[in-house]
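Data from final30.cif: mmCIF, C-alpha atoms and all ligand atoms
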data_upload
#
loop_
_atom_site.label_atom_id
_atom_site.label_comp_id
_atom_site.auth_asym_id
_atom_site.auth_seq_id
_atom_site.Cartn_x
_atom_site.Cartn_y
_atom_site.Cartn_z
CA MET S 1 140.11 -25.12 -9.11
CA VAL S 2 142.43 -22.19 -9.77
CA ALA S 3 143.06 -21.13 -13.33
CA PRO S 4 146.86 -21.00 -13.79
CA SER S 5 146.45 -17.97 -16.04
CA SER S 6 145.11 -15.99 -13.06
CA LEU S 7 148.65 -15.90 -11.63
CA ALA S 8 149.89 -14.07 -14.70
CA ARG S 9 147.13 -11.44 -14.80
CA PRO S 10 148.36 -7.89 -14.30
CA GLN S 11 147.69 -6.85 -10.70
CA PHE S 12 146.25 -3.42 -11.52
CA ALA S 13 143.25 -5.03 -13.19
CA ARG S 14 142.85 -7.99 -10.89
CA HIS S 15 140.83 -7.47 -7.76
CA VAL S 16 139.51 -10.63 -6.14
CA PRO S 17 135.90 -9.91 -5.11
CA PRO S 18 134.84 -10.59 -1.49
CA THR S 19 132.30 -13.12 -2.72
CA ALA S 20 131.43 -14.69 -6.08
CA THR S 21 129.70 -17.75 -7.47
CA PRO S 22 131.07 -19.67 -10.46
CA LEU S 23 128.86 -19.39 -13.54
CA ARG S 24 129.84 -20.78 -16.92
CA TRP S 25 128.49 -19.64 -20.24
CA GLN S 26 126.54 -22.87 -20.77
CA GLU S 27 124.89 -22.50 -17.35
CA TRP S 28 123.80 -18.94 -18.10
CA GLN S 29 122.65 -20.06 -21.56
CA ALA S 30 120.37 -22.69 -19.99
CA GLY S 31 118.23 -19.72 -18.96
CA LEU S 32 117.60 -18.67 -22.55
CA HIS S 33 115.38 -21.64 -23.41
CA PRO S 34 113.99 -22.97 -20.13
CA ALA S 35 111.62 -25.95 -20.08
CA GLN S 36 108.03 -24.95 -19.33
CA ASP S 37 108.13 -26.80 -16.04
CA ALA S 38 111.62 -25.56 -15.10
CA VAL S 39 110.39 -24.03 -11.82
CA ALA S 40 108.70 -27.28 -10.77
CA GLN S 41 111.79 -29.29 -11.76
CA PHE S 42 114.12 -26.99 -9.81
CA ARG S 43 111.80 -27.11 -6.81
CA ARG S 44 111.87 -30.92 -6.83
CA ALA S 45 115.66 -30.98 -7.30
CA LEU S 46 116.19 -28.61 -4.37
CA ALA S 47 113.78 -30.56 -2.15
CA SER S 48 115.69 -33.73 -2.94
CA TYR S 49 119.05 -32.00 -2.33
CA LEU S 50 117.81 -30.76 1.07
CA ASP S 51 116.10 -34.08 1.80
CA VAL S 52 112.71 -32.47 2.48
CA SER S 53 109.35 -33.33 0.96
CA ASP S 54 108.91 -29.99 -0.84
CA CYS S 55 110.02 -26.39 -0.95
CA ALA S 56 108.68 -23.08 -2.26
CA LEU S 57 110.52 -20.69 -4.58
CA ALA S 58 110.25 -16.92 -4.89
CA ALA S 59 111.90 -13.90 -6.51
CA SER S 60 114.24 -13.36 -3.55
CA GLY S 61 115.02 -14.51 -0.05
CA ARG S 62 113.22 -11.39 1.23
CA THR S 63 110.10 -12.31 -0.76
CA ALA S 64 110.22 -15.86 0.56
CA LEU S 65 110.62 -14.64 4.16
CA PHE S 66 107.77 -12.14 3.81
CA LEU S 67 105.44 -14.86 2.49
CA LEU S 68 106.55 -17.25 5.20
CA LEU S 69 105.84 -14.70 7.95
CA ARG S 70 102.40 -13.94 6.50
CA THR S 71 101.73 -17.68 6.39
CA LEU S 72 102.70 -17.97 10.06
CA CYS S 73 100.43 -15.07 11.05
CA ASP S 74 97.51 -16.95 9.46
CA ARG S 75 98.20 -20.22 11.31
CA PRO S 76 95.47 -20.65 13.96
CA ALA S 77 97.98 -21.92 16.55
CA LEU S 78 100.08 -18.76 16.16
CA HIS S 79 97.28 -16.23 15.86
CA GLY S 80 97.82 -12.90 17.61
CA ARG S 81 101.57 -13.36 18.03
CA THR S 82 103.50 -10.32 16.85
CA GLU S 83 107.19 -10.67 17.68
CA VAL S 84 110.07 -12.20 15.75
CA ILE S 85 113.34 -12.78 17.58
CA LEU S 86 116.32 -11.67 15.48
CA PRO S 87 120.07 -11.38 16.07
CA ALA S 88 120.99 -7.74 16.70
CA TYR S 89 123.54 -8.07 13.89
CA THR S 90 122.35 -9.58 10.64
CA CYS S 91 121.34 -8.63 7.12
CA PRO S 92 119.25 -5.45 7.62
CA SER S 93 116.78 -6.44 4.91
CA VAL S 94 115.58 -9.21 7.23
CA ALA S 95 114.43 -6.68 9.84
CA LYS S 96 112.80 -4.66 7.05
CA VAL S 97 110.81 -7.73 5.94
CA VAL S 98 109.68 -8.41 9.52
CA LEU S 99 108.45 -4.81 9.80
CA ASP S 100 106.80 -5.03 6.36
CA ALA S 101 104.90 -8.10 7.54
CA GLY S 102 103.41 -5.96 10.33
CA LEU S 103 105.51 -7.67 13.01
CA THR S 104 107.96 -6.43 15.64
CA PRO S 105 111.61 -7.49 15.57
CA ARG S 106 112.85 -8.35 19.04
CA LEU S 107 116.63 -8.12 19.00
CA VAL S 108 118.91 -10.49 20.89
CA ASP S 109 122.65 -10.01 21.22
CA ILE S 110 125.11 -12.37 19.53
CA ASP S 111 128.37 -13.83 20.75
CA PRO S 112 131.26 -12.53 18.60
CA TYR S 113 133.02 -15.88 19.07
CA THR S 114 130.22 -18.10 17.79
CA HIS S 115 128.10 -15.62 15.76
CA ALA S 116 125.08 -17.31 17.38
CA TYR S 117 122.76 -15.88 20.03
CA VAL S 118 124.39 -15.28 23.41
CA ASP S 119 123.71 -18.15 25.79
CA GLY S 120 120.25 -17.83 27.26
CA GLY S 121 119.37 -14.91 24.92
CA PRO S 122 116.44 -16.58 23.14
CA ALA S 123 114.98 -17.91 26.41
CA ALA S 124 115.14 -14.48 28.05
CA ASN S 125 113.33 -12.82 25.15
CA ALA S 126 110.73 -15.37 24.08
CA GLY S 127 107.20 -15.41 25.45
CA PRO S 128 103.52 -15.62 24.52
CA ALA S 129 103.94 -12.84 21.91
CA THR S 130 106.73 -14.67 20.07
CA LEU S 131 105.74 -15.86 16.63
CA ALA S 132 109.16 -17.05 15.46
CA LEU S 133 112.81 -17.26 16.46
CA LEU S 134 115.12 -16.62 13.53
CA CYS S 135 118.44 -18.49 13.71
CA VAL S 136 121.00 -17.33 11.17
CA HIS S 137 123.88 -19.35 9.69
CA PRO S 138 126.02 -16.35 8.73
CA TYR S 139 128.90 -16.60 6.23
CA GLY S 140 127.91 -20.23 5.54
CA LEU S 141 128.62 -21.38 9.11
CA ALA S 142 126.66 -24.41 10.32
CA LEU S 143 125.35 -23.51 13.77
CA PRO S 144 123.24 -25.67 16.11
CA VAL S 145 119.63 -24.60 16.63
CA ASN S 146 118.67 -26.98 19.43
CA GLU S 147 118.53 -24.31 22.15
CA ALA S 148 116.24 -22.16 19.98
CA MET S 149 114.06 -25.19 19.22
CA ALA S 150 113.67 -25.97 22.92
CA VAL S 151 112.70 -22.35 23.65
CA ALA S 152 110.27 -22.28 20.69
CA ARG S 153 108.61 -25.47 21.90
CA ALA S 154 108.32 -24.06 25.43
CA VAL S 155 106.54 -20.87 24.28
CA GLY S 156 104.60 -22.33 21.34
CA ALA S 157 106.54 -20.45 18.63
CA VAL S 158 108.43 -21.74 15.57
CA VAL S 159 112.10 -21.64 14.56
CA VAL S 160 113.03 -20.24 11.16
CA GLU S 161 116.59 -21.05 10.13
CA ASP S 162 117.96 -18.23 7.99
CA ALA S 163 120.39 -20.19 5.83
CA ALA S 164 120.41 -17.47 3.13
CA GLN S 165 124.21 -17.66 3.06
CA ALA S 166 124.54 -21.37 3.77
CA LEU S 167 122.93 -23.56 1.12
CA GLY S 168 124.81 -26.86 1.30
CA ALA S 169 126.16 -26.46 4.85
CA ARG S 170 125.32 -29.40 7.08
CA TYR S 171 124.89 -29.97 10.77
CA ALA S 172 124.86 -33.47 12.27
CA GLY S 173 124.59 -34.90 8.77
CA ARG S 174 121.53 -32.87 7.74
CA ALA S 175 121.37 -29.71 5.65
CA VAL S 176 121.19 -26.55 7.71
CA GLY S 177 117.74 -25.08 7.22
CA THR S 178 116.11 -28.46 7.84
CA HIS S 179 116.66 -28.65 11.61
CA GLY S 180 114.25 -25.85 12.50
CA ASP S 181 110.56 -25.72 11.61
CA PHE S 182 111.35 -23.74 8.47
CA GLY S 183 114.48 -23.05 6.43
CA LEU S 184 115.16 -19.99 4.30
CA PHE S 185 117.78 -19.82 1.52
CA SER S 186 118.82 -17.08 -0.88
CA LEU S 187 119.82 -17.54 -4.51
CA GLY S 188 120.96 -13.92 -4.72
CA PRO S 189 124.27 -12.59 -6.04
CA GLY S 190 127.32 -13.98 -4.31
CA LYS S 191 125.40 -16.74 -2.51
CA PRO S 192 126.52 -20.43 -2.58
CA LEU S 193 124.20 -21.04 -5.54
CA SER S 194 123.22 -17.89 -7.38
CA THR S 195 120.59 -17.44 -10.05
CA GLY S 196 121.09 -13.67 -9.83
CA GLY S 197 118.17 -13.49 -7.40
CA GLY S 198 115.81 -15.96 -5.79
CA GLY S 199 114.63 -17.36 -2.49
CA VAL S 200 113.65 -20.76 -1.15
CA VAL S 201 111.66 -21.84 1.90
CA CYS S 202 111.25 -25.38 3.14
CA ALA S 203 109.21 -26.74 6.02
CA ARG S 204 109.98 -29.59 8.36
CA ASP S 205 106.52 -31.00 8.81
CA ALA S 206 103.69 -31.69 6.39
CA THR S 207 101.17 -29.30 7.98
CA HIS S 208 103.57 -26.38 7.71
CA ALA S 209 104.45 -27.39 4.15
CA ALA S 210 100.75 -27.46 3.20
CA ALA S 211 100.28 -23.96 4.68
CA LEU S 212 103.21 -22.67 2.61
CA ALA S 213 101.77 -24.27 -0.53
CA ARG S 214 98.45 -22.44 0.05
CA THR S 215 100.23 -19.07 0.31
CA TRP S 216 102.33 -19.79 -2.76
CA GLN S 217 99.23 -20.61 -4.84
CA ARG S 218 98.33 -16.92 -4.65
CA LEU S 219 101.81 -15.70 -5.64
CA ALA S 220 102.01 -13.70 -8.89
CA GLN S 221 104.07 -15.35 -11.61
CA PRO S 222 106.79 -13.34 -13.32
CA GLY S 223 106.18 -11.96 -16.81
CA VAL S 224 108.50 -11.70 -19.80
CA ALA S 225 110.10 -8.46 -18.57
CA ALA S 226 110.98 -10.00 -15.20
CA THR S 227 112.46 -13.02 -16.97
CA GLY S 228 114.67 -10.92 -19.27
CA TRP S 229 115.78 -8.68 -16.42
CA ALA S 230 116.63 -11.69 -14.22
CA LEU S 231 118.93 -13.15 -16.87
CA ALA S 232 120.52 -9.77 -17.57
CA ARG S 233 121.09 -9.22 -13.83
CA LEU S 234 122.73 -12.62 -13.54
CA GLY S 235 125.09 -11.76 -16.41
CA LEU S 236 125.82 -8.31 -14.98
CA PHE S 237 126.51 -9.65 -11.50
CA SER S 238 128.87 -12.28 -12.92
CA LEU S 239 130.82 -9.53 -14.69
CA ALA S 240 130.84 -7.30 -11.60
CA PHE S 241 132.02 -10.18 -9.38
CA HIS S 242 134.85 -11.02 -11.77
CA PRO S 243 138.43 -10.01 -10.81
CA ALA S 244 138.54 -7.61 -13.78
CA GLY S 245 135.08 -6.17 -13.07
CA TRP S 246 135.28 -5.97 -9.29
CA TRP S 247 137.85 -3.18 -9.35
CA LEU S 248 135.37 -1.01 -11.24
CA ALA S 249 132.32 -2.27 -9.35
CA SER S 250 133.91 -1.49 -5.99
CA LYS S 251 134.90 1.98 -7.18
CA ALA S 252 131.20 2.46 -7.99
CA GLY S 253 130.32 1.42 -4.41
CA ALA S 254 129.03 -2.12 -5.14
CA HIS S 255 130.61 -3.41 -1.91
CA LYS S 256 128.31 -1.15 0.15
CA VAL S 257 125.07 -2.11 -1.59
CA GLY S 258 123.77 -4.57 1.05
CA ASP S 259 124.13 -1.92 3.76
CA HIS S 260 121.84 0.48 1.97
CA GLU S 261 118.08 0.73 2.24
CA ALA S 262 117.70 1.18 -1.52
CA SER S 263 118.64 -2.48 -2.00
CA TRP S 264 116.14 -3.87 0.52
CA GLY S 265 113.01 -3.72 -1.65
CA TYR S 266 111.65 -6.93 -3.13
CA ALA S 267 109.04 -8.05 -5.63
CA LEU S 268 106.18 -10.25 -4.49
CA ARG S 269 106.40 -12.81 -7.26
CA GLY S 270 107.77 -16.21 -8.13
CA LEU S 271 111.14 -17.26 -9.48
CA THR S 272 111.40 -17.05 -13.27
CA ALA S 273 111.69 -20.21 -15.39
CA SER S 274 115.03 -18.87 -16.68
CA GLN S 275 116.45 -18.59 -13.19
CA ALA S 276 115.14 -22.05 -12.33
CA ALA S 277 116.80 -23.50 -15.45
CA VAL S 278 120.13 -21.92 -14.45
CA GLY S 279 119.69 -23.21 -10.90
CA LEU S 280 119.01 -26.72 -12.19
CA ARG S 281 122.25 -26.65 -14.17
CA LEU S 282 124.24 -25.33 -11.19
CA LEU S 283 122.85 -27.53 -8.43
CA PRO S 284 124.87 -30.69 -9.29
CA SER S 285 128.10 -28.64 -8.88
CA LEU S 286 127.11 -27.07 -5.55
CA ASP S 287 128.83 -29.58 -3.26
CA ALA S 288 132.09 -29.35 -5.21
CA ILE S 289 131.94 -25.52 -5.17
CA ASN S 290 131.31 -25.58 -1.41
CA ALA S 291 134.13 -28.08 -0.84
CA ALA S 292 136.51 -25.76 -2.69
CA ARG S 293 135.38 -22.82 -0.54
CA ARG S 294 136.01 -24.91 2.58
CA ALA S 295 139.51 -25.77 1.35
CA ARG S 296 140.31 -22.08 0.81
CA ALA S 297 138.97 -21.17 4.26
CA GLN S 298 141.20 -23.89 5.69
CA ALA S 299 144.19 -22.51 3.79
CA TRP S 300 143.51 -18.99 5.19
CA LEU S 301 143.21 -20.44 8.70
CA GLU S 302 146.51 -22.31 8.34
CA GLN S 303 148.31 -19.23 7.03
CA LEU S 304 146.88 -17.03 9.76
CA GLN S 305 147.41 -19.39 12.71
CA GLY S 306 148.38 -17.51 15.85
CA LEU S 307 147.46 -14.08 14.42
CA PRO S 308 147.07 -11.91 17.54
CA GLY S 309 144.00 -9.83 18.36
CA VAL S 310 141.58 -11.81 16.22
CA ILE S 311 138.45 -13.76 17.12
CA TRP S 312 137.96 -16.69 14.75
CA PRO S 313 134.67 -18.44 13.99
CA PRO S 314 134.02 -21.58 16.00
CA ALA S 315 136.02 -24.57 14.83
CA GLN S 316 133.44 -26.70 13.05
CA GLY S 317 133.44 -29.85 15.16
CA VAL S 318 132.36 -33.30 14.06
CA ASP S 319 128.79 -32.06 13.76
CA GLY S 320 129.24 -28.91 11.71
CA GLU S 321 130.15 -28.71 8.04
CA ALA S 322 130.31 -25.04 7.16
CA VAL S 323 130.43 -23.87 3.55
CA TYR S 324 132.38 -20.65 4.37
CA LEU S 325 130.78 -18.39 1.82
CA ARG S 326 133.29 -15.99 3.37
CA LEU S 327 135.72 -16.58 6.24
CA PRO S 328 134.78 -14.18 9.06
CA LEU S 329 137.23 -12.83 11.58
CA VAL S 330 136.42 -10.26 14.24
CA LEU S 331 139.13 -7.87 15.37
CA GLN S 332 139.40 -7.33 19.08
CA ASP S 333 140.60 -3.80 18.36
CA VAL S 334 137.72 -2.80 16.13
CA GLU S 335 139.45 0.42 15.01
CA ARG S 336 141.72 -1.67 12.82
CA ALA S 337 139.10 -3.23 10.56
CA ASP S 338 138.90 -0.44 7.97
CA GLY S 339 142.69 -0.11 7.78
CA LEU S 340 143.13 -3.84 7.20
CA GLN S 341 140.43 -3.87 4.54
CA ALA S 342 142.14 -0.96 2.76
CA ARG S 343 145.54 -2.68 2.81
CA LEU S 344 144.10 -5.85 1.35
CA ALA S 345 142.18 -3.86 -1.28
CA ALA S 346 145.39 -2.08 -2.30
CA ALA S 347 146.86 -5.52 -2.99
CA GLY S 348 143.84 -6.55 -5.05
CA ILE S 349 142.17 -8.71 -2.39
CA GLY S 350 138.55 -7.88 -1.65
CA ALA S 351 137.87 -8.42 2.05
CA GLY S 352 134.32 -7.63 3.15
CA ARG S 353 133.09 -5.52 6.06
CA MET S 354 129.43 -6.58 5.55
CA TYR S 355 126.93 -4.43 7.48
CA ARG S 356 128.73 -1.89 9.62
CA ARG S 357 125.86 -1.20 11.98
CA THR S 358 123.69 -3.23 14.33
CA LEU S 359 119.98 -3.45 13.55
CA ASP S 360 119.05 -1.02 16.32
CA GLU S 361 121.46 1.52 14.85
CA ILE S 362 119.85 1.14 11.44
CA PHE S 363 116.23 1.09 12.63
CA PRO S 364 115.70 3.76 15.31
CA ALA S 365 112.42 2.14 16.38
CA LEU S 366 114.41 -0.88 17.61
CA ARG S 367 116.65 1.10 20.00
CA GLY S 368 116.48 0.57 23.71
CA ALA S 369 119.01 -2.00 24.83
CA ALA S 370 122.78 -2.48 24.45
CA TYR S 371 124.12 -5.24 22.21
CA PRO S 372 127.86 -5.41 22.94
CA GLY S 373 128.53 -8.63 20.98
CA ALA S 374 126.67 -7.44 17.91
CA THR S 375 128.41 -4.06 18.15
CA GLN S 376 131.81 -5.70 18.25
CA VAL S 377 130.98 -7.73 15.13
CA ALA S 378 129.55 -4.71 13.32
CA ARG S 379 132.69 -2.67 14.01
CA GLY S 380 135.39 -5.31 13.85
CA LEU S 381 134.26 -7.81 11.22
CA LEU S 382 136.44 -8.58 8.24
CA THR S 383 135.53 -11.40 5.88
CA LEU S 384 138.20 -13.04 3.79
CA PRO S 385 137.27 -14.25 0.31
CA THR S 386 136.93 -17.97 -0.35
CA ASN S 387 135.48 -17.80 -3.86
CA HIS S 388 136.76 -19.59 -6.95
CA TYR S 389 138.89 -16.61 -8.02
CA VAL S 390 141.06 -16.81 -4.91
CA ASP S 391 144.26 -18.79 -5.50
CA SER S 392 146.88 -20.02 -3.06
CA ARG S 393 149.14 -17.10 -3.91
CA ASP S 394 146.38 -14.63 -2.94
CA ILE S 395 146.01 -16.42 0.38
CA ARG S 396 149.76 -16.34 1.12
CA ARG S 397 150.00 -12.68 0.10
CA GLY S 398 146.83 -11.75 2.00
CA ALA S 399 148.02 -13.48 5.16
CA ALA S 400 151.41 -11.72 4.98
CA ILE S 401 149.67 -8.36 4.53
CA LEU S 402 147.41 -8.97 7.51
CA ARG S 403 150.33 -9.97 9.74
CA GLN S 404 152.37 -6.96 8.70
CA ALA S 405 149.46 -4.54 9.01
CA LEU S 406 148.60 -5.75 12.50
CA ALA S 407 152.26 -5.41 13.52
CA ASP S 408 152.38 -1.84 12.12
CA MET S 409 149.16 -0.58 13.70
C1 LIG S 501 121.31 -13.65 6.31
C2 LIG S 501 120.46 -13.19 5.15
N1 LIG S 501 119.13 -13.35 5.23
C3 LIG S 501 118.33 -12.98 4.22
C4 LIG S 501 118.84 -12.40 3.07
C5 LIG S 501 117.91 -11.95 1.98
O1 LIG S 501 118.10 -12.70 0.81
P1 LIG S 501 117.83 -12.05 -0.61
O2 LIG S 501 118.94 -11.11 -0.91
O3 LIG S 501 117.77 -13.21 -1.56
O4 LIG S 501 116.53 -11.35 -0.53
C6 LIG S 501 120.21 -12.23 2.95
C7 LIG S 501 120.79 -11.62 1.75
O5 LIG S 501 121.94 -11.29 1.65
C8 LIG S 501 121.06 -12.63 4.01
O6 LIG S 501 122.38 -12.49 3.96
#
Turn this file's structure into structure tokens for me.
Amino acid sequence: MVAPSSLARPQFARHVPPTATPLRWQEWQAGLHPAQDAVAQFRRALASYLDVSDCALAASGRTALFLLLRTLCDRPALHGRTEVILPAYTCPSVAKVVLDAGLTPRLVDIDPYTHAYVDGGPAANAGPATLALLCVHPYGLALPVNEAMAVARAVGAVVVEDAAQALGARYAGRAVGTHGDFGLFSLGPGKPLSTGGGGVVCARDATHAAALARTWQRLAQPGVAATGWALARLGLFSLAFHPAGWWLASKAGAHKVGDHEASWGYALRGLTASQAAVGLRLLPSLDAINAARRARAQAWLEQLQGLPGVIWPPAQGVDGEAVYLRLPLVLQDVERADGLQARLAAAGIGAGRMYRRTLDEIFPALRGAAYPGATQVARGLLTLPTNHYVDSRDIRRGAAILRQALADM
């Protein structure tokens, strides 16, 4: 998977991005002349990949989530319910979408060891006002949702699996996102399969799927400008997430974009035919891309075995098959995270810090309780890159830097 020439590239220009998705010229070019029914073809291909009867596509994961939540509000069985249970640490745009949909996020702490809800958290927070419990598969981890499903069934709510970062991850042999009542995926920049932007929702049962289809019938279709911009964005993101471009992009603050409100807006429209055509070309490679990410995560884990003061993600047992979009580690001494990130960056390795604040810190209206697990992740998270630009030399160098830095601090 690793281009031998990458070893010879001068280090000053090479800066491995924290996340990236392979995109070849011919895949991008597929977007220039899409078939008229490209969106329908891509939708069928994704449904078959996920082994569900159908799915719905939109301009972004945020758009898809917004439409899903509005669909849920209109379901007679869920009428009058106003709360959505969310992890206190997750992508802030998710909380923004919940608020935009006129609903109230109800935050639940997460366990920094598993990145899932703390034991008993969903049960303690769900009730007659709960519309949905959102279960996230962060960093491409494959987490069980059975506890959330049991709670949802007990209170009459639904489970939405947020697999925005985990397309292709599997749990107990089935794609994550297909265990809950609904699954959400993102096709945004740096995701397992990226069309430069895009979102997908699938439903587990036929009644829910029919309700989604009714909402989607009213969705505006993108015009020519949106199509051109989507292709240009995809090209620009591929350049920015290239080892030569990332140095410049990170100097311009690209690594902080997701943490900033300016990037949380979303258009209420469908996916463009161009993006669908690119997605169709990429989808057959997705499992191989994910397998290569897994192998790099494994190589990091082997190199970093026994590293003190670090909380690793749960070992994926027989049931879980993570895709490791990034390999997360949480530092027990949270003060060290920025220093470690800076040392890796100085060596040309882009480690991520993701969102540095918990949702209640970002949205003052959500303050009220303490979320110690989420706070520890927000302060101490470092994600190691697993993308196709990372080679075995980067991993050996990165691991040596981390060991040394932790010994020095
Ligand atoms: C966990 C999670 N949920 C939802 C989203 C929103 O997806 P999109 O950027 O496609 O709107 C993201 C995006 O990064 C995410 O990481």
Env. residues ligand LIG 501 (chain S) / 10 Å / only C-alpha atoms and all ligand atoms / as a PyMOL selection string = chain S and resi 58-66+89-95+97+134-140+161-166+184-191+194-200+258-259+263-267+354-355
Give the answer as one residue: which of S:Leu131, S:Ala225, S:Val16, S:Ala35 has the shortest atom-to-atom distance to Thr104 (chain S), using only C-alpha atoms?
->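 Ranking S:Leu131, S:Ala225, S:Val16, S:Ala35 by distance to Thr104 (chain S), first place goes to S:Leu131.
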What is the CA of Leu327 (chain S)-CA of His242 (chain S) distance in Å, reported with one decimal?
->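 Distance reported for this atom pair: 18.9 Å.
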Kindly provide the residues of region 274-352 of chain S that approach region 400-406 of chain S to within 9 Å, each paired with its closest atom pair and their distance in Å to one decimal, based on all atoms listed in the file, listed by chain and increasing number, as CSV.
residue,atom,partner,partner_atom,distance
S:Gln303,CA,S:Ala400,CA,8.4
S:Leu304,CA,S:Arg403,CA,7.9
S:Leu307,CA,S:Arg403,CA,6.9
S:Pro308,CA,S:Leu406,CA,8.1
S:Gly309,CA,S:Leu406,CA,8.5
S:Arg336,CA,S:Leu406,CA,8.0
S:Gly339,CA,S:Ala405,CA,8.2
S:Leu340,CA,S:Ala405,CA,6.6
S:Arg343,CA,S:Ile401,CA,7.2
S:Leu344,CA,S:Ile401,CA,6.9
S:Ala347,CA,S:Ile401,CA,8.5
Centre and size of axis-aligned box enclosing region 154-165 of chain S plus 3 Å each side, as AutoDock Vina command-line options:
--center_x 114.4 --center_y -20.8 --center_z 14.2 --size_x 25.6 --size_y 12.6 --size_z 28.4
Using only C-alpha atoms, which of S:Leu325, S:Ala88, S:Leu69, S:Val151 sits nearest Ile362 (chain S)?
->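 Answer, going by the shortest atom-to-atom distance: S:Ala88.
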What is the CA of Asp51 (chain S) to CA of Arg75 (chain S) distance in Å?
->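 CA of Arg75 (chain S) lies at a distance of 24.6 Å from CA of Asp51 (chain S).
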Residue with smallest distance to Arg367 (chain S) - pool S:Leu381, S:Val323, S:Ala232, S:Leu107, counting all atoms listed in the file |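 Checking each candidate against Arg367 (chain S), we get S:Leu107 as the closest.
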Of the listed residues S:Pro34, S:Lys96, S:Phe237, S:Ala213, that which approaches Ala365 (chain S) most closely, counting all atoms listed in the file | S:Lys96
Counting all atoms listed in the file, what is within 10 Å of Ile311 (chain S), bar same-chain residues fewer than 4 positions away, as a PDB file with C-alpha atoms, keeping the file's coordinate frame?
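Output saved as selection-v7.pdb:
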ATOM      1  CA  PRO S 112     131.260 -12.530  18.600  1.00  0.00           C
ATOM      2  CA  TYR S 113     133.020 -15.880  19.070  1.00  0.00           C
ATOM      3  CA  THR S 114     130.220 -18.100  17.790  1.00  0.00           C
ATOM      4  CA  LEU S 307     147.460 -14.080  14.420  1.00  0.00           C
ATOM      5  CA  PRO S 328     134.780 -14.180   9.060  1.00  0.00           C
ATOM      6  CA  LEU S 329     137.230 -12.830  11.580  1.00  0.00           C
ATOM      7  CA  VAL S 330     136.420 -10.260  14.240  1.00  0.00           C
ATOM      8  CA  LEU S 331     139.130  -7.870  15.370  1.00  0.00           C
ATOM      9  CA  GLN S 332     139.400  -7.330  19.080  1.00  0.00           C
ATOM     10  CA  VAL S 377     130.980  -7.730  15.130  1.00  0.00           C
ATOM     11  CA  GLY S 380     135.390  -5.310  13.850  1.00  0.00           C
ATOM     12  CA  LEU S 381     134.260  -7.810  11.220  1.00  0.00           C
TER      13      LEU S 381
END
In Å and to one decimal, CA of Tyr324 (chain S) is distant from CA of Asp391 (chain S) by 15.6 Å
Tyr371 (chain S) environment, 12 Å, only C-alpha atoms, sequence neighbours closer than 6 positions dropped, as a ChimeraX atom specification | /S:87-89,107-112,117-118,121,357-361,377-378
Would you output that residue set with C-alpha atoms, as a PDB file, keeping the file's coordinate frame?
ATOM      1  CA  PRO S  87     120.070 -11.380  16.070  1.00  0.00           C
ATOM      2  CA  ALA S  88     120.990  -7.740  16.700  1.00  0.00           C
ATOM      3  CA  TYR S  89     123.540  -8.070  13.890  1.00  0.00           C
ATOM      4  CA  LEU S 107     116.630  -8.120  19.000  1.00  0.00           C
ATOM      5  CA  VAL S 108     118.910 -10.490  20.890  1.00  0.00           C
ATOM      6  CA  ASP S 109     122.650 -10.010  21.220  1.00  0.00           C
ATOM      7  CA  ILE S 110     125.110 -12.370  19.530  1.00  0.00           C
ATOM      8  CA  ASP S 111     128.370 -13.830  20.750  1.00  0.00           C
ATOM      9  CA  PRO S 112     131.260 -12.530  18.600  1.00  0.00           C
ATOM     10  CA  TYR S 117     122.760 -15.880  20.030  1.00  0.00           C
ATOM     11  CA  VAL S 118     124.390 -15.280  23.410  1.00  0.00           C
ATOM     12  CA  GLY S 121     119.370 -14.910  24.920  1.00  0.00           C
ATOM     13  CA  ARG S 357     125.860  -1.200  11.980  1.00  0.00           C
ATOM     14  CA  THR S 358     123.690  -3.230  14.330  1.00  0.00           C
ATOM     15  CA  LEU S 359     119.980  -3.450  13.550  1.00  0.00           C
ATOM     16  CA  ASP S 360     119.050  -1.020  16.320  1.00  0.00           C
ATOM     17  CA  GLU S 361     121.460   1.520  14.850  1.00  0.00           C
ATOM     18  CA  VAL S 377     130.980  -7.730  15.130  1.00  0.00           C
ATOM     19  CA  ALA S 378     129.550  -4.710  13.320  1.00  0.00           C
TER      20      ALA S 378
END
Selected residue of minimal separation from Val39 (chain S) among S:Leu271, S:His388, S:Cys55, S:Glu321, counting only C-alpha atoms | S:Leu271
For Gln36 (chain S), which of S:Ala157, S:Ala277, S:Pro105, S:Ala172 is the closest residue, counting all atoms listed in the file?
->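 The closest residue to Gln36 (chain S) is S:Ala277.
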